[in-house]
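*Asks:* Handing you this structure, nothing more for now.
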Protein chains: 2
Amino acid sequence: MIESSTESPPLDRVRERTGGRSARIRADVLAAVREELLADGYGRLAYRAVAQRAGVDPATVYRRWPSRPQLVVDALRELVERPQPSPPDTGSVADDLGAFLDGVLAELTDPTWLALFRAYALAGAEDGSLGSPWTVWEDRLGAAQVMVTRAIERGELPVHCDPQAVIEHLVAPGYFRALVSSQPIEPGFATRCVRYALAAARC
Amino acid sequence: MIESSTESPPLDRVRERTGGRSARIRADVLAAVREELLADGYGRLAYRAVAQRAGVDPATVYRRWPSRPQLVVDALRELVERPQPSPPDTGSVADDLGAFLDGVLAELTDPTWLALFRAYALAGAEDGSLGSPWTVWEDRLGAAQVMVTRAIERGELPVHCDPQAVIEHLVAPGYFRALVSSQPIEPGFATRCVRYALAAARC
């Protein structure tokens with residue numbers, strides 16, 4: 001059934017429509033940023049190419065994201081802020097940490113995520129006004145701490161262990177390899193990271 | 001005493017001179033790259049600005065370093081390949097690792113090193129032909145493994161522990177904070193990293 005009316009639509013309807021178009025442009029531009037980063041890297045990221053890929057006017061991109069770091073930060077945040085699966089809850093902290101780390105390493109070996117993480121680390125450093133990149137990591141790693149707190153409650157880990165530190169030490173070597181050293185991640189790497197993180201949690 | 005001669009200089013003398021000038025230009029350009037990275041970041045690194053700062057013609061820079069990643073990779077390698085102090089040898093593995101990590105964290109909180117590490121991680125990713133960034137890290141972290149092997153020989157650490165893995169787990173959280181998450185490094189961070197690495201070495 002098609003509504004017909006000669007009246008102007010009510011204000012909230014207009015807002016919704018504007019919001020809808022605005023949100024669509026935003027999503028298209030940020031997806032284009034991710035594709036451009038993957039194709040050419042942050043060093044060559046160009047407004048014109050992003051606008052062309054998104055099918056919008058370059059001026060629209062400039063107006064909303066006056067700097068390249070802002071573009072990159074929004075492009076990662078949009079991905080990261082999507083609802084995440086809950087951390088594993090198998091009843092065994094070793095299995096929980098292993099399954100969680102597998103997910104992290106899968107992201108870190110995905111070219112799009114990798115290009116975005118790299119550009120994000122750099123963009124955040126170049127434009128301090130965007131807020132610390134840490135806010136994104138805090139959310140992601142913060143959610144994972146529940147695996148450690150549940151293990152403490154079950155008596156699997158000592159009460160004095162620090163959930164934030166344990167998660168950080170679990171994932172840091174993977175990020176170091178993927179984003180810093182480019183050393184390949186060999187079979188057995190994840191198992192060793194879990195074993196080391198648990199030894200740290202118990203020390 | 002001034003040598004005087006109307007003869008042409010012998011060939012090795014010419015070579016040395018050419019090498020001297022060439023080496024000087026190289027050093028000037030790579031120093032200029034580091035200064036530009038510090039001032040403006042990798043995203044805005046421009047050949048013209050590098051050439052101007054180094055006092056050479058832009059064509060000279062283009063000829064030797066046809067891509068920005070090549071410039072950045074050479075600028076870091078030149079620094080990294082300078083003779084490093086030997087890893088600490090105090091007779092206690094905890095003290096050795098602590099002193100070594102202090103040096104790593106001092107680099108990671110130095111703006112020039114940080115800008116260079118960031119750009120290097122990105123540049124290596126953008127231009128695979130430059131060889132893996134891992135070669136640089138392999139040298140740096142490889143040299144540090146002697147602290148662990150000496151501790152094994154002294155009986156401080158078990159023979160089954162993996163020196164490379166222990167060093168990687170020791171430094172990875174610092175690199176993660178400095179280059180990826182931008183989380184500040186608080187007092188006590190280094191102490192915890194050493195404690196965790198030793199627990200890992202003994203597990």
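Following the order of the structure tokens, first chain is A, next is B, and so on, with residues numbered from 1 inside each chain and ligands from 1 in the order they appear.
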Counting only C-alpha atoms, a student should be able to say which residues of chain A come within 8 Å of chain B; what is the right answer, written as a PyMOL selection string?

*Replies:* chain A and resi 40-44+117-119+121-122+126+132-134+137+168-169+172-173+175-176+179-183+195-197+199-201+203

*Asks:* Output N, CA and C atoms for every residue in the selection just made, as an mmCIF file, in the first residue's frame.

*Replies:*
data_model
loop_
_atom_site.group_PDB
_atom_site.id
_atom_site.type_symbol
_atom_site.label_atom_id
_atom_site.label_comp_id
_atom_site.auth_asym_id
_atom_site.auth_seq_id
_atom_site.Cartn_x
_atom_site.Cartn_y
_atom_site.Cartn_z
ATOM 1 N N ASP A 40 46.183 0.259 -1.716
ATOM 2 C CA ASP A 40 47.334 1.146 -1.902
ATOM 3 C C ASP A 40 48.063 1.546 -0.627
ATOM 4 N N GLY A 41 47.507 1.218 0.522
ATOM 5 C CA GLY A 41 48.185 1.598 1.758
ATOM 6 C C GLY A 41 47.880 3.033 2.173
ATOM 7 N N TYR A 42 48.210 3.331 3.413
ATOM 8 C CA TYR A 42 47.906 4.643 3.976
ATOM 9 C C TYR A 42 48.698 5.754 3.306
ATOM 10 N N GLY A 43 49.951 5.451 2.948
ATOM 11 C CA GLY A 43 50.809 6.482 2.349
ATOM 12 C C GLY A 43 50.209 7.064 1.081
ATOM 13 N N ARG A 44 49.410 6.281 0.364
ATOM 14 C CA ARG A 44 48.861 6.755 -0.904
ATOM 15 C C ARG A 44 47.355 6.996 -0.837
ATOM 16 N N PHE A 117 44.460 -1.806 10.662
ATOM 17 C CA PHE A 117 45.161 -1.687 11.944
ATOM 18 C C PHE A 117 46.438 -0.867 11.774
ATOM 19 N N ARG A 118 47.178 -1.160 10.707
ATOM 20 C CA ARG A 118 48.431 -0.442 10.476
ATOM 21 C C ARG A 118 48.170 1.044 10.282
ATOM 22 N N ALA A 119 47.206 1.346 9.406
ATOM 23 C CA ALA A 119 46.912 2.748 9.120
ATOM 24 C C ALA A 119 46.387 3.445 10.371
ATOM 25 N N ALA A 121 47.046 2.748 13.554
ATOM 26 C CA ALA A 121 48.137 3.017 14.494
ATOM 27 C C ALA A 121 48.886 4.274 14.054
ATOM 28 N N LEU A 122 49.073 4.431 12.757
ATOM 29 C CA LEU A 122 49.818 5.561 12.235
ATOM 30 C C LEU A 122 48.985 6.836 12.270
ATOM 31 N N GLU A 126 49.497 10.517 14.121
ATOM 32 C CA GLU A 126 49.682 11.753 13.363
ATOM 33 C C GLU A 126 48.720 12.843 13.779
ATOM 34 N N SER A 132 42.978 9.087 21.785
ATOM 35 C CA SER A 132 43.945 8.005 21.748
ATOM 36 C C SER A 132 43.361 6.775 21.069
ATOM 37 N N PRO A 133 44.151 6.122 20.202
ATOM 38 C CA PRO A 133 43.703 4.840 19.643
ATOM 39 C C PRO A 133 43.352 3.854 20.750
ATOM 40 N N TRP A 134 43.895 4.079 21.947
ATOM 41 C CA TRP A 134 43.686 3.148 23.041
ATOM 42 C C TRP A 134 42.214 2.902 23.324
ATOM 43 N N TRP A 137 41.115 -0.161 21.614
ATOM 44 C CA TRP A 137 41.697 -1.379 22.155
ATOM 45 C C TRP A 137 41.156 -1.689 23.532
ATOM 46 N N GLU A 168 46.538 -8.671 27.839
ATOM 47 C CA GLU A 168 47.519 -7.914 27.055
ATOM 48 C C GLU A 168 48.717 -8.796 26.679
ATOM 49 N N HIS A 169 49.211 -9.556 27.639
ATOM 50 C CA HIS A 169 50.367 -10.407 27.349
ATOM 51 C C HIS A 169 49.984 -11.572 26.429
ATOM 52 N N ALA A 172 49.661 -9.530 22.799
ATOM 53 C CA ALA A 172 50.719 -8.622 22.325
ATOM 54 C C ALA A 172 51.696 -9.274 21.342
ATOM 55 N N PRO A 173 52.156 -10.516 21.594
ATOM 56 C CA PRO A 173 53.104 -11.091 20.621
ATOM 57 C C PRO A 173 52.510 -11.248 19.214
ATOM 58 N N TYR A 175 50.156 -9.249 17.846
ATOM 59 C CA TYR A 175 50.164 -7.909 17.259
ATOM 60 C C TYR A 175 51.582 -7.483 16.884
ATOM 61 N N PHE A 176 52.544 -7.839 17.727
ATOM 62 C CA PHE A 176 53.941 -7.494 17.438
ATOM 63 C C PHE A 176 54.360 -8.104 16.101
ATOM 64 N N LEU A 179 51.960 -6.543 13.095
ATOM 65 C CA LEU A 179 52.001 -5.104 12.808
ATOM 66 C C LEU A 179 53.387 -4.503 12.914
ATOM 67 N N VAL A 180 54.303 -5.142 13.579
ATOM 68 C CA VAL A 180 55.621 -4.531 13.781
ATOM 69 C C VAL A 180 56.707 -5.324 13.058
ATOM 70 N N SER A 181 56.921 -6.560 13.484
ATOM 71 C CA SER A 181 58.112 -7.257 12.999
ATOM 72 C C SER A 181 57.895 -7.994 11.679
ATOM 73 N N SER A 182 56.638 -8.243 11.308
ATOM 74 C CA SER A 182 56.334 -9.044 10.108
ATOM 75 C C SER A 182 56.881 -10.463 10.168
ATOM 76 N N GLN A 183 57.255 -10.928 11.345
ATOM 77 C CA GLN A 183 57.664 -12.331 11.448
ATOM 78 C C GLN A 183 56.431 -13.215 11.229
ATOM 79 N N ARG A 195 50.004 -20.728 26.795
ATOM 80 C CA ARG A 195 50.769 -21.338 27.877
ATOM 81 C C ARG A 195 51.530 -20.262 28.660
ATOM 82 N N TYR A 196 52.163 -19.345 27.930
ATOM 83 C CA TYR A 196 52.915 -18.270 28.583
ATOM 84 C C TYR A 196 51.980 -17.339 29.378
ATOM 85 N N ALA A 197 50.823 -17.018 28.799
ATOM 86 C CA ALA A 197 49.900 -16.115 29.489
ATOM 87 C C ALA A 197 49.393 -16.750 30.776
ATOM 88 N N ALA A 199 51.021 -19.055 32.570
ATOM 89 C CA ALA A 199 52.133 -19.048 33.523
ATOM 90 C C ALA A 199 52.258 -17.671 34.167
ATOM 91 N N ALA A 200 52.095 -16.620 33.363
ATOM 92 C CA ALA A 200 52.160 -15.251 33.884
ATOM 93 C C ALA A 200 51.026 -15.019 34.883
ATOM 94 N N ALA A 201 49.829 -15.504 34.549
ATOM 95 C CA ALA A 201 48.674 -15.299 35.427
ATOM 96 C C ALA A 201 48.874 -15.972 36.773
ATOM 97 N N CYS A 203 51.871 -16.465 38.279
ATOM 98 C CA CYS A 203 53.141 -16.150 38.950
ATOM 99 C C CYS A 203 52.957 -15.091 40.041
#

*Asks:* Which neighbours of Asp102 in chain A fall inside 8 Å, counting only C-alpha atoms, when residues of the same chain fewer than 4 positions from it are skipped, and could you give them as a PyMOL selection string?

*Replies:* chain A and resi 98+106+190

*Asks:* Please report the interatomic distance between CA of His160 in chain A and CA of Glu186 in chain B in Å with one decimal.

*Replies:*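 Between CA of His160 in chain A and CA of Glu186 in chain B the gap is 19.0 Å.
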
*Asks:* For Arg53 in chain A, please output as an mmCIF file with N, CA and C atoms, in the first residue's frame all residues within 12 Å (counting only C-alpha atoms; exclusion window: fewer than 6 positions along the same chain).

*Replies:*
data_model
loop_
_atom_site.group_PDB
_atom_site.id
_atom_site.type_symbol
_atom_site.label_atom_id
_atom_site.label_comp_id
_atom_site.auth_asym_id
_atom_site.auth_seq_id
_atom_site.Cartn_x
_atom_site.Cartn_y
_atom_site.Cartn_z
ATOM 1 N N ILE A 25 25.823 7.356 3.150
ATOM 2 C CA ILE A 25 27.043 7.975 2.604
ATOM 3 C C ILE A 25 28.233 7.643 3.494
ATOM 4 N N ASP A 28 29.281 4.105 2.957
ATOM 5 C CA ASP A 28 29.926 3.936 1.644
ATOM 6 C C ASP A 28 31.346 4.503 1.655
ATOM 7 N N VAL A 29 31.498 5.692 2.249
ATOM 8 C CA VAL A 29 32.821 6.321 2.269
ATOM 9 C C VAL A 29 33.787 5.487 3.106
ATOM 10 N N LEU A 30 33.344 5.026 4.272
ATOM 11 C CA LEU A 30 34.265 4.290 5.142
ATOM 12 C C LEU A 30 34.627 2.925 4.530
ATOM 13 N N ALA A 31 33.664 2.323 3.836
ATOM 14 C CA ALA A 31 33.996 1.075 3.125
ATOM 15 C C ALA A 31 35.019 1.366 2.026
ATOM 16 N N ALA A 32 34.861 2.507 1.350
ATOM 17 C CA ALA A 32 35.815 2.882 0.288
ATOM 18 C C ALA A 32 37.200 3.124 0.882
ATOM 19 N N VAL A 33 37.250 3.722 2.056
ATOM 20 C CA VAL A 33 38.548 3.944 2.715
ATOM 21 C C VAL A 33 39.229 2.603 2.959
ATOM 22 N N ARG A 34 38.476 1.642 3.473
ATOM 23 C CA ARG A 34 39.065 0.328 3.753
ATOM 24 C C ARG A 34 39.577 -0.329 2.471
ATOM 25 N N GLU A 35 38.799 -0.204 1.409
ATOM 26 C CA GLU A 35 39.237 -0.817 0.145
ATOM 27 C C GLU A 35 40.482 -0.118 -0.400
ATOM 28 N N GLU A 36 40.523 1.197 -0.287
ATOM 29 C CA GLU A 36 41.699 1.935 -0.766
ATOM 30 C C GLU A 36 42.934 1.603 0.071
ATOM 31 N N ALA A 39 44.198 -1.622 -1.083
ATOM 32 C CA ALA A 39 44.786 -1.590 -2.423
ATOM 33 C C ALA A 39 46.116 -0.845 -2.427
ATOM 34 N N ALA A 46 44.057 8.650 -0.996
ATOM 35 C CA ALA A 46 43.705 9.941 -1.606
ATOM 36 C C ALA A 46 42.198 10.177 -1.524
ATOM 37 N N TYR A 47 41.808 11.404 -1.157
ATOM 38 C CA TYR A 47 40.394 11.768 -1.074
ATOM 39 C C TYR A 47 39.670 11.481 -2.383
ATOM 40 N N VAL A 61 33.329 14.352 1.149
ATOM 41 C CA VAL A 61 34.279 13.630 2.000
ATOM 42 C C VAL A 61 35.110 14.626 2.816
#

*Asks:* Tell me, as a list in words, which residues lie within 10 Å of Ser86 in chain A, counting only C-alpha atoms; anything in the same chain fewer than 5 positions away does not count.

*Replies:*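 In the requested format, the answer is Phe100, Ala143, Ala144 and Val146 of chain A.
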
*Asks:* How would the residues just chosen look if you wrote them out with C-alpha atoms as an mmCIF file, in the first residue's frame?

*Replies:*
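Result file follows (out.cif):
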data_model
loop_
_atom_site.group_PDB
_atom_site.id
_atom_site.type_symbol
_atom_site.label_atom_id
_atom_site.label_comp_id
_atom_site.auth_asym_id
_atom_site.auth_seq_id
_atom_site.Cartn_x
_atom_site.Cartn_y
_atom_site.Cartn_z
ATOM 1 C CA PHE A 100 39.837 -16.063 21.706
ATOM 2 C CA ALA A 143 35.573 -7.442 26.963
ATOM 3 C CA ALA A 144 38.048 -10.344 26.907
ATOM 4 C CA VAL A 146 35.821 -11.788 31.598
#

*Asks:* Can you check which residues of chain A DSSP gives as helix (DSSP H, G or I) on the backbone and send them as a ChimeraX atom specification?

*Replies:* /A:11-40,42-44,47-54,58-64,68-80,93-108,111-126,128-130,134-154,163-181,189-202

*Asks:* Separation of CA of Pro87 in chain B and CA of Met147 in chain B, in Å?

*Replies:*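 Taking CA of Pro87 in chain B and CA of Met147 in chain B, their separation equals 6.9 Å.
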